[in-house]
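Chemist: Here you go, this is start.cif (mmCIF, C-alpha atoms).
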data_upload
#
loop_
_atom_site.label_atom_id
_atom_site.label_comp_id
_atom_site.auth_asym_id
_atom_site.auth_seq_id
_atom_site.Cartn_x
_atom_site.Cartn_y
_atom_site.Cartn_z
CA MET A 281 21.93 -18.95 -9.27
CA LYS A 282 19.78 -21.53 -7.46
CA LYS A 283 21.44 -20.64 -4.17
CA GLU A 284 20.58 -16.96 -4.65
CA LYS A 285 17.00 -17.87 -5.47
CA ASN A 286 16.73 -19.99 -2.33
CA LYS A 287 18.17 -17.14 -0.27
CA LYS A 288 15.54 -14.75 -1.65
CA LEU A 289 12.80 -17.26 -0.91
CA GLN A 290 14.09 -17.73 2.64
CA LYS A 291 14.03 -13.96 3.20
CA LEU A 292 10.46 -13.86 1.96
CA TRP A 293 9.50 -16.64 4.33
CA VAL A 294 10.97 -14.63 7.21
CA LEU A 295 8.93 -11.59 6.10
CA TYR A 296 5.84 -13.74 5.79
CA GLY A 297 6.36 -15.20 9.25
CA ALA A 298 6.97 -11.78 10.81
CA PHE A 299 3.86 -10.37 9.20
CA PHE A 300 1.79 -13.36 10.30
CA CYS A 301 3.04 -13.01 13.89
CA ILE A 302 2.23 -9.28 13.96
CA MET A 303 -1.24 -9.96 12.64
CA MET A 304 -1.85 -12.71 15.18
CA VAL A 305 -0.70 -10.44 18.03
CA LEU A 306 -2.97 -7.65 16.77
CA VAL A 307 -5.95 -9.99 16.49
CA GLY A 308 -5.17 -11.41 19.93
CA LEU A 309 -4.98 -7.93 21.47
CA PHE A 310 -8.24 -6.94 19.81
CA VAL A 311 -10.05 -10.06 21.02
CA SER A 312 -8.67 -9.84 24.55
CA ASP A 313 -9.61 -6.15 24.68
CA ALA A 314 -13.14 -6.88 23.52
CA PHE A 315 -13.76 -9.51 26.20
CA ASN A 316 -11.74 -8.01 29.01
CA THR A 317 -13.69 -5.88 31.47
CA ALA A 318 -10.86 -5.67 34.01
CA ASP A 319 -9.72 -2.33 32.61
CA TYR A 320 -13.14 -0.82 33.15
CA GLU A 321 -13.38 -2.19 36.70
CA GLU A 322 -9.96 -0.73 37.43
CA PHE A 323 -11.15 2.60 36.08
CA VAL A 324 -14.27 2.54 38.28
CA GLN A 325 -12.16 1.72 41.34
CA PHE A 326 -9.78 4.54 40.48
CA LYS A 327 -12.66 6.96 40.03
CA GLU A 328 -14.25 5.98 43.36
CA LYS A 329 -10.94 6.34 45.12
CA GLN A 330 -10.32 9.75 43.62
CA GLU A 331 -13.81 10.88 44.55
CA SER A 332 -13.51 9.59 48.11
CA LEU A 333 -10.23 11.44 48.56
CA ASN A 334 -11.68 14.50 46.85
CA LEU A 335 -8.55 14.80 44.74
CA ALA A 336 -10.09 15.57 41.38
CA THR A 337 -9.43 19.26 41.57
CA ALA A 338 -8.85 19.88 37.89
CA LYS A 339 -10.93 22.88 36.95
CA SER A 340 -10.11 23.03 33.25
CA THR A 341 -7.62 21.61 30.86
CA ASP A 342 -6.15 23.52 27.96
CA LEU A 343 -4.77 20.76 25.78
CA ARG A 344 -4.19 23.03 22.82
CA ASN A 345 -1.58 25.10 24.58
CA GLY A 346 -0.33 22.26 26.74
CA SER A 347 -0.24 24.66 29.66
CA SER A 348 1.04 23.30 32.94
CA ASP A 349 -1.00 25.67 35.05
CA TYR A 350 -1.81 24.35 38.54
CA ASP A 351 -5.47 24.54 37.69
CA PHE A 352 -4.89 21.88 35.09
CA THR A 353 -3.24 19.33 37.31
CA ILE A 354 -4.51 16.62 39.59
CA PRO A 355 -2.49 16.03 42.74
CA ILE A 356 -1.59 12.43 43.50
CA ILE A 357 -0.87 11.66 47.15
CA ASN A 358 1.33 8.79 48.13
CA PRO A 359 0.07 7.75 51.62
CA ASN A 360 3.39 6.07 52.46
CA ASP A 361 5.60 9.04 51.71
CA SER A 362 4.07 12.50 51.85
CA SER A 363 7.35 14.18 50.91
CA ILE A 364 6.89 13.04 47.30
CA ILE A 365 4.76 15.48 45.34
CA MET A 366 3.12 14.07 42.26
CA THR A 367 0.72 15.72 39.88
CA ALA A 368 -1.09 14.42 36.80
CA ARG A 369 -2.34 16.34 33.84
CA ILE A 370 -5.31 15.19 31.76
CA ASN A 371 -4.37 14.64 28.15
CA GLU A 372 -7.22 12.44 27.04
CA TYR A 373 -10.95 12.59 27.63
CA ASP A 374 -13.39 9.78 27.16
CA ILE A 375 -16.52 11.84 26.77
CA THR A 376 -20.00 10.35 26.82
CA ILE A 377 -22.95 12.47 25.81
CA ALA A 378 -26.42 11.35 26.90
CA THR A 379 -29.83 12.95 26.90
CA GLU A 380 -33.42 11.83 26.80
CA ASP A 381 -34.12 14.11 23.86
CA ARG A 382 -32.48 12.23 21.00
CA ASP A 383 -33.04 15.07 18.52
CA LYS A 384 -30.49 17.09 20.41
CA LEU A 385 -27.81 14.53 19.60
CA SER A 386 -28.56 13.94 15.93
CA SER A 387 -26.18 15.67 13.61
CA PRO A 388 -24.84 14.97 10.11
CA LEU A 389 -21.37 14.95 11.70
CA VAL A 390 -22.24 11.73 13.52
CA TYR A 391 -23.18 9.92 10.30
CA VAL A 392 -20.08 11.19 8.50
CA THR A 393 -17.87 10.07 11.38
CA VAL A 394 -19.42 6.61 11.53
CA ILE A 395 -19.12 6.13 7.75
CA LEU A 396 -15.49 7.29 7.72
CA GLN A 397 -14.60 5.04 10.65
CA PHE A 398 -16.30 2.08 8.97
CA LEU A 399 -14.40 2.81 5.74
CA SER A 400 -11.09 2.99 7.57
CA TYR A 401 -11.76 -0.41 9.21
CA ILE A 402 -12.58 -1.94 5.83
CA CYS A 403 -9.36 -0.46 4.40
CA LEU A 404 -7.35 -1.92 7.29
CA VAL A 405 -8.77 -5.42 6.75
CA ALA A 406 -8.19 -5.10 2.98
CA ILE A 407 -4.58 -4.02 3.57
CA PHE A 408 -3.90 -7.08 5.73
CA ILE A 409 -5.42 -9.38 3.11
CA PHE A 410 -3.53 -7.74 0.25
CA VAL A 411 -0.19 -7.87 2.06
CA PHE A 412 -0.72 -11.61 2.54
CA ILE A 413 -1.55 -11.99 -1.15
CA ILE A 414 1.47 -9.90 -2.23
CA LEU A 415 3.92 -11.89 -0.11
CA TYR A 416 2.53 -15.18 -1.43
CA SER A 417 2.53 -13.88 -5.00
CA LEU A 418 6.15 -12.69 -4.68
CA TYR A 419 7.12 -16.11 -3.34
CA LYS A 420 5.48 -17.76 -6.33
CA SER A 421 6.99 -15.26 -8.78
CA ILE A 422 10.54 -15.79 -7.51
CA LYS A 423 10.00 -19.55 -7.66
CA ASN A 424 8.93 -19.25 -11.30
CA GLY A 425 11.85 -16.92 -12.09
CA LYS A 426 9.67 -13.94 -13.05
CA VAL A 427 9.73 -11.43 -10.19
CA PHE A 428 8.13 -8.46 -11.93
CA GLN A 429 4.55 -9.26 -12.75
CA LYS A 430 1.62 -7.04 -13.58
CA LYS A 431 -0.58 -8.40 -10.76
CA ASN A 432 2.14 -7.68 -8.18
CA ILE A 433 2.34 -4.07 -9.39
CA LEU A 434 -1.45 -3.74 -9.23
CA TRP A 435 -1.66 -5.14 -5.68
CA LEU A 436 1.18 -2.94 -4.46
CA ARG A 437 -0.57 0.11 -5.88
CA ILE A 438 -3.84 -0.92 -4.20
CA VAL A 439 -2.12 -1.36 -0.81
CA GLY A 440 -0.43 2.05 -1.10
CA LEU A 441 -3.68 3.77 -2.01
CA LEU A 442 -5.63 1.90 0.69
CA LEU A 443 -3.12 2.98 3.32
CA ILE A 444 -3.47 6.63 2.29
CA VAL A 445 -7.29 6.39 2.12
CA MET A 446 -7.43 4.65 5.51
CA THR A 447 -5.28 7.34 7.13
CA LEU A 448 -7.36 10.15 5.63
CA CYS A 449 -10.62 8.48 6.67
CA GLU A 450 -9.38 7.97 10.22
CA ASP A 451 -8.05 11.50 10.58
CA PHE A 452 -11.17 13.10 9.13
CA ALA A 453 -13.37 10.86 11.32
CA ARG A 454 -11.48 12.06 14.38
CA TYR A 455 -11.74 15.67 13.26
CA PHE A 456 -15.51 15.46 12.71
CA GLU A 457 -15.96 13.63 16.00
CA TYR A 458 -14.14 16.41 17.84
CA GLN A 459 -16.15 19.04 16.00
CA TYR A 460 -19.33 17.29 17.12
CA VAL A 461 -18.25 17.10 20.74
CA GLN A 462 -17.07 20.70 20.63
CA GLN A 463 -20.67 21.85 20.11
CA PHE A 464 -21.62 20.42 23.50
CA LEU A 465 -18.49 21.62 25.24
CA ALA A 466 -19.02 25.26 24.28
CA ASN A 467 -19.14 27.53 27.37
CA THR A 468 -17.92 24.73 29.63
CA SER A 469 -14.58 24.64 31.42
CA VAL A 470 -13.31 21.82 29.23
CA VAL A 471 -11.38 22.70 26.10
CA ILE A 472 -10.39 20.04 23.60
CA ASP A 473 -7.94 20.26 20.73
CA ASP A 474 -10.22 20.14 17.69
CA ASN A 475 -7.56 20.96 15.10
CA PHE A 476 -7.14 18.71 12.12
CA TYR A 477 -4.12 16.44 12.44
CA LEU A 478 -2.75 14.21 9.72
CA HIS A 479 -0.75 11.04 10.34
CA PHE A 480 2.11 12.05 8.06
CA THR A 481 4.16 8.92 8.69
CA ARG A 482 1.38 6.68 7.43
CA ILE A 483 0.81 8.86 4.37
CA LEU A 484 4.55 8.77 3.74
CA LEU A 485 4.51 4.98 4.04
CA GLY A 486 1.65 4.80 1.54
CA LEU A 487 3.57 7.01 -0.88
CA LEU A 488 6.65 4.85 -0.38
CA ILE A 489 4.63 1.75 -1.29
CA LEU A 490 3.34 3.54 -4.41
CA PHE A 491 6.95 4.42 -5.23
CA VAL A 492 7.97 0.76 -4.87
CA ALA A 493 5.07 -0.15 -7.18
CA GLU A 494 6.46 2.28 -9.76
CA LEU A 495 9.89 0.66 -9.40
CA PHE A 496 8.21 -2.69 -10.00
CA LYS A 497 6.61 -1.23 -13.14
CA ILE A 498 10.04 -0.12 -14.42
CA GLY A 499 11.39 -3.58 -13.59
CA TYR A 500 8.47 -5.16 -15.46
CA ASP A 501 9.20 -3.05 -18.56
CA ILE A 502 12.91 -3.93 -18.45
CA GLN A 503 12.10 -7.61 -17.96
CA GLU A 504 9.67 -7.56 -20.89
CA GLU A 505 12.25 -5.86 -23.11
CA GLN A 506 14.84 -8.42 -22.06
CA ASP A 507 12.43 -11.27 -22.81
CA LEU A 508 11.60 -9.86 -26.25
CA THR A 509 15.22 -9.29 -27.24
CA ILE A 510 16.13 -12.03 -29.69
CA MET B 68 6.46 7.72 -36.04
CA GLY B 69 7.17 4.87 -38.40
CA LYS B 70 8.33 1.38 -37.51
CA ILE B 71 10.89 -1.30 -38.26
CA VAL B 72 9.50 -4.27 -40.17
CA VAL B 73 11.24 -7.64 -39.95
CA ASN B 74 11.29 -9.43 -43.32
CA VAL B 75 12.67 -12.73 -42.11
CA ASP B 76 9.69 -14.60 -43.59
CA VAL B 77 10.39 -13.10 -47.04
CA MET B 78 14.04 -14.13 -46.90
CA MET B 79 13.04 -17.57 -45.60
CA ALA B 80 10.71 -18.03 -48.57
CA LYS B 81 13.45 -16.88 -50.97
CA ARG B 82 15.97 -19.33 -49.50
CA LYS B 83 13.28 -22.01 -49.12
CA ILE B 84 14.17 -22.72 -45.51
CA SER B 85 11.74 -23.74 -42.78
CA LEU B 86 11.37 -22.04 -39.41
CA SER B 87 12.67 -24.96 -37.40
CA GLU B 88 15.61 -25.45 -39.73
CA LEU B 89 16.56 -21.77 -39.53
CA ALA B 90 16.16 -21.76 -35.75
CA ASP B 91 18.42 -24.77 -35.56
CA LYS B 92 21.11 -23.20 -37.78
CA VAL B 93 20.98 -19.78 -36.08
CA ASP B 94 20.96 -21.46 -32.66
CA ILE B 95 17.84 -19.77 -31.25
CA THR B 96 14.61 -21.39 -30.14
CA PRO B 97 11.75 -21.66 -32.68
CA ALA B 98 9.60 -19.70 -30.22
CA ASN B 99 12.02 -16.76 -30.29
CA LEU B 100 12.31 -16.93 -34.07
CA SER B 101 8.52 -16.88 -34.25
CA ILE B 102 8.48 -13.75 -32.06
CA LEU B 103 10.95 -12.14 -34.46
CA LYS B 104 8.95 -13.21 -37.50
CA THR B 105 5.65 -11.91 -36.20
CA GLY B 106 7.17 -8.53 -35.33
CA LYS B 107 6.59 -8.84 -31.57
CA ALA B 108 10.32 -8.57 -30.79
CA LYS B 109 11.47 -5.32 -29.17
CA ALA B 110 15.17 -5.66 -30.00
CA ILE B 111 17.58 -7.90 -31.86
CA ARG B 112 21.15 -8.66 -30.84
CA PHE B 113 23.96 -8.04 -33.32
CA SER B 114 25.06 -11.66 -32.85
CA THR B 115 21.57 -12.93 -33.81
CA LEU B 116 21.45 -10.61 -36.82
CA GLU B 117 24.90 -11.74 -37.86
CA SER B 118 23.91 -15.42 -37.67
CA LEU B 119 20.68 -14.76 -39.58
CA CYS B 120 22.56 -12.93 -42.34
CA LYS B 121 25.14 -15.73 -42.47
CA VAL B 122 22.54 -18.50 -42.78
CA LEU B 123 20.22 -16.62 -45.13
CA LYS B 124 23.18 -15.22 -47.16
CA CYS B 125 21.87 -11.67 -47.14
CA GLN B 126 22.50 -8.19 -45.73
CA PRO B 127 20.86 -6.76 -42.54
CA GLY B 128 18.91 -4.40 -44.82
CA ASP B 129 17.25 -7.40 -46.45
CA ILE B 130 15.90 -8.53 -43.07
CA LEU B 131 15.09 -5.15 -41.48
CA GLU B 132 13.17 -2.38 -43.19
CA TYR B 133 12.04 1.04 -41.97
CA VAL B 134 8.45 1.92 -42.89
CA SER B 135 7.23 5.45 -42.22
CA ASP B 136 3.60 6.24 -41.42
CA ASP B 137 3.04 7.71 -44.90
CA ASP B 138 4.33 4.55 -46.60
CA ASP B 139 2.08 2.48 -44.35
CA ALA B 140 -0.97 4.57 -45.25
CA ASP B 141 -0.16 4.33 -48.99
CA LYS B 142 0.16 0.55 -48.75
CA ARG B 143 -3.18 0.30 -47.01
CA LYS B 144 -4.86 2.43 -49.69
CA LYS B 145 -3.41 0.25 -52.43
CA THR B 146 -4.61 -2.96 -50.81
CA LYS B 147 -8.11 -1.46 -50.48
#
Take the structure in the file and give it back as structure tokens.

Modeler:
Amino acid sequence: MKKEKNKKLQKLWVLYGAFFCIMMVLVGLFVSDAFNTADYEEFVQFKEKQESLNLATAKSTDLRNGSSDYDFTIPIINPNDSSIIMTARINEYDITIATEDRDKLSSPLVYVTVILQFLSYICLVAIFIFVFIILYSLYKSIKNGKVFQKKNILWLRIVGLLLIVMTLCEDFARYFEYQYVQQFLANTSVVIDDNFYLHFTRILLGLLILFVAELFKIGYDIQEEQDLTI
Amino acid sequence: MGKIVVNVDVMMAKRKISLSELADKVDITPANLSILKTGKAKAIRFSTLESLCKVLKCQPGDILEYVSDDDDADKRKKTK
């Protein structure tokens, strides 16, 4: 019995360690990204090179249909071997909109997008914190011999809901952002895919966590019945 | 819906036996016997019931009683 308990605790420690490592890597990537300007310099160099070679011949890009029309491709020339033909197709734009007249840029869509993005970040931070708490709480529960506890069920439910809310916020924020940009791109040669897309895998994961929480609830009821059977 | 009432305390008073003594003879903890006495228990094992009946020299019906909602309401009215 004690051996089994120790095995369970060891598994939890492995999970805890894995989660901690992932979080550290994510934080590290975020910090290094925030302070690293090399990417931008590389981009500027690339842009200058492209301009000097006059290679940016893309007239328009239809991302919605994913068309591979020649108009939509950028030729890439390898100076060492001209027999190799390479072409690139734009699949992501980093659009900046600037004007001196700020009224032109103000739109309720901007505020909605910013609020939704902010909410999704808060949800993400909360999820990380709650997963830490859940793993620690499970460790403590197994140690005490009572795995199914009301607080564990509550935290699992919160994490599941937060994951779903975060995904919805992020997807809606992206949708509104694209709608906003679309206004300015009307009648231009650039077409962007402004359809609403949902991250189904994340929603599914959230539902799965809620399902696990329900299983915990059933376990809690059974445990309580067992405890109150004399 | 009705409910099952545990009359262990009544039988204990009749047999003049204390909680700790009964717990000791039935071989359950006083805490569990207290749960049974206060009606918080959700189920009772046949083995426990058998031991209780043996020690208290009674039938299961003397320990367990079904009270319907109507009976409960009548009792409440009478006590008022």

Chemist: Could you please tell me, as a ChimeraX atom specification, which residues of chain B have an atom within 10 Å of chain A when using all atoms listed in the file?

Modeler: /B:95-96,99-100,102-103,107-116

Chemist: At a cut-off of 7 Å, using all atoms listed in the file, what residues contact segment 411-422 of chain A? Leave out same-chain residues fewer than 4 positions from it and give the result as a list in words.

Modeler: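 These residues fall inside the cut-off: Leu289, Leu292, Tyr296, Ile407, Lys426, Val427, Asn432 and Trp435 of chain A.
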
Chemist: Next, dump the selected residues to file, keeping only C-alpha atoms, as a compact mmCIF listing (two decimals), in the coordinates of the input.

Modeler:
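out-v4.txt was written with the following content:
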# COMPACT_ATOMS: atom_id res chain seq x y z
CA LEU A 289 12.80 -17.26 -0.91
CA LEU A 292 10.46 -13.86 1.96
CA TYR A 296 5.84 -13.74 5.79
CA ILE A 407 -4.58 -4.02 3.57
CA LYS A 426 9.67 -13.94 -13.05
CA VAL A 427 9.73 -11.43 -10.19
CA ASN A 432 2.14 -7.68 -8.18
CA TRP A 435 -1.66 -5.14 -5.68

Chemist: Looking at B:Val134, B:Val77, B:Cys120, B:Ala140, which one is nearest to Thr105 of chain B, with distances taken over all atoms listed in the file?

Modeler: B:Val77

Chemist: I'd like to see the residues matched by the PyMOL selection byres ((chain B and resi 74) around 8) on this file, and ideally I'd get them as number ranges by chain.

Modeler: B: 72-73, 75-78, 104, 129-132

Chemist: What do you get, as a list of chain:residue names, if you spell out every residue that the PyMOL selection byres ((chain A and resi 433) around 9) selects here?

Modeler: A:Phe428, A:Gln429, A:Lys430, A:Lys431, A:Asn432, A:Leu434, A:Trp435, A:Leu436, A:Arg437, A:Ile438, A:Val492, A:Ala493, A:Glu494, A:Leu495, A:Phe496, A:Lys497, A:Tyr500

Chemist: Take the residues that were just selected and, keeping C-alpha atoms, output them as a PDB file, in the frame of the given file.

Modeler:
ATOM      1  CA  PHE A 428       8.130  -8.460 -11.930  1.00  0.00           C
ATOM      2  CA  GLN A 429       4.550  -9.260 -12.750  1.00  0.00           C
ATOM      3  CA  LYS A 430       1.620  -7.040 -13.580  1.00  0.00           C
ATOM      4  CA  LYS A 431      -0.580  -8.400 -10.760  1.00  0.00           C
ATOM      5  CA  ASN A 432       2.140  -7.680  -8.180  1.00  0.00           C
ATOM      6  CA  LEU A 434      -1.450  -3.740  -9.230  1.00  0.00           C
ATOM      7  CA  TRP A 435      -1.660  -5.140  -5.680  1.00  0.00           C
ATOM      8  CA  LEU A 436       1.180  -2.940  -4.460  1.00  0.00           C
ATOM      9  CA  ARG A 437      -0.570   0.110  -5.880  1.00  0.00           C
ATOM     10  CA  ILE A 438      -3.840  -0.920  -4.200  1.00  0.00           C
ATOM     11  CA  VAL A 492       7.970   0.760  -4.870  1.00  0.00           C
ATOM     12  CA  ALA A 493       5.070  -0.150  -7.180  1.00  0.00           C
ATOM     13  CA  GLU A 494       6.460   2.280  -9.760  1.00  0.00           C
ATOM     14  CA  LEU A 495       9.890   0.660  -9.400  1.00  0.00           C
ATOM     15  CA  PHE A 496       8.210  -2.690 -10.000  1.00  0.00           C
ATOM     16  CA  LYS A 497       6.610  -1.230 -13.140  1.00  0.00           C
ATOM     17  CA  TYR A 500       8.470  -5.160 -15.460  1.00  0.00           C
TER      18      TYR A 500
END

Chemist: Figure out the distance between atom CA of Phe310 of chain A and atom CA of Val461 of chain A, please, to one decimal in Å.

Modeler: 26.1 Å

Chemist: One decimal, in Å: what's the spacing between atom CA of Gly308 of chain A and atom CA of Gln397 of chain A?

Modeler: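 We find that atom CA of Gly308 of chain A and atom CA of Gln397 of chain A lie 21.1 Å from each other.
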
Chemist: I'd like the residues picked by the PyMOL selection byres ((chain B and resi 87) around 12) written out as a PDB file with C-alpha atoms, keeping the file's coordinate frame, using the chain letters and numbers from the file.

Modeler:
ATOM      1  CA  MET B  79      13.040 -17.570 -45.600  1.00  0.00           C
ATOM      2  CA  ILE B  84      14.170 -22.720 -45.510  1.00  0.00           C
ATOM      3  CA  SER B  85      11.740 -23.740 -42.780  1.00  0.00           C
ATOM      4  CA  LEU B  86      11.370 -22.040 -39.410  1.00  0.00           C
ATOM      5  CA  GLU B  88      15.610 -25.450 -39.730  1.00  0.00           C
ATOM      6  CA  LEU B  89      16.560 -21.770 -39.530  1.00  0.00           C
ATOM      7  CA  ALA B  90      16.160 -21.760 -35.750  1.00  0.00           C
ATOM      8  CA  ASP B  91      18.420 -24.770 -35.560  1.00  0.00           C
ATOM      9  CA  LYS B  92      21.110 -23.200 -37.780  1.00  0.00           C
ATOM     10  CA  VAL B  93      20.980 -19.780 -36.080  1.00  0.00           C
ATOM     11  CA  ASP B  94      20.960 -21.460 -32.660  1.00  0.00           C
ATOM     12  CA  ILE B  95      17.840 -19.770 -31.250  1.00  0.00           C
ATOM     13  CA  THR B  96      14.610 -21.390 -30.140  1.00  0.00           C
ATOM     14  CA  PRO B  97      11.750 -21.660 -32.680  1.00  0.00           C
ATOM     15  CA  ALA B  98       9.600 -19.700 -30.220  1.00  0.00           C
ATOM     16  CA  ASN B  99      12.020 -16.760 -30.290  1.00  0.00           C
ATOM     17  CA  LEU B 100      12.310 -16.930 -34.070  1.00  0.00           C
ATOM     18  CA  SER B 101       8.520 -16.880 -34.250  1.00  0.00           C
TER      19      SER B 101
END

Chemist: Show which residues sit within 9 Å of segment 365-367 of chain A, as number ranges by chain. Count only C-alpha atoms, and ignore same-chain residues fewer than 5 positions away.

Modeler: A: 353-358

Chemist: Please report the interatomic distance between atom CA of Leu441 of chain A and atom CA of Leu396 of chain A in Å with one decimal.

Modeler: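 Result for atom CA of Leu441 of chain A versus atom CA of Leu396 of chain A: 15.7 Å, one decimal.
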
Chemist: Box time for segment 495-510 of chain A: axis-aligned, enclosing all its listed atoms, 4 Å extra on each side; report centre and edge lengths in Å to one decimal, as AutoDock Vina command-line options.

Modeler:
--center_x 11.4 --center_y -5.7 --center_z -19.5 --size_x 17.5 --size_y 20.7 --size_z 28.3

Chemist: With all atoms listed in the file as the counted atoms, please give the residues lying no more than 8 Å from segment 476-482 of chain A, apart from itself and same-chain residues fewer than 2 positions off, as a list in words.

Modeler: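 Using all atoms listed in the file, the neighbours found are Leu443, Ile444, Thr447, Leu448, Asp451, Phe452, Tyr455, Asp474, Leu484, Leu485 and Gly486 of chain A.
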
Chemist: Excluding Asp137 of chain B and residues on its chain fewer than 6 positions from it, collect all residues at most 12 Å away from it, counting only C-alpha atoms, and give them as a VMD selection string.

Modeler: chain B and resid 68 to 70 143 to 144
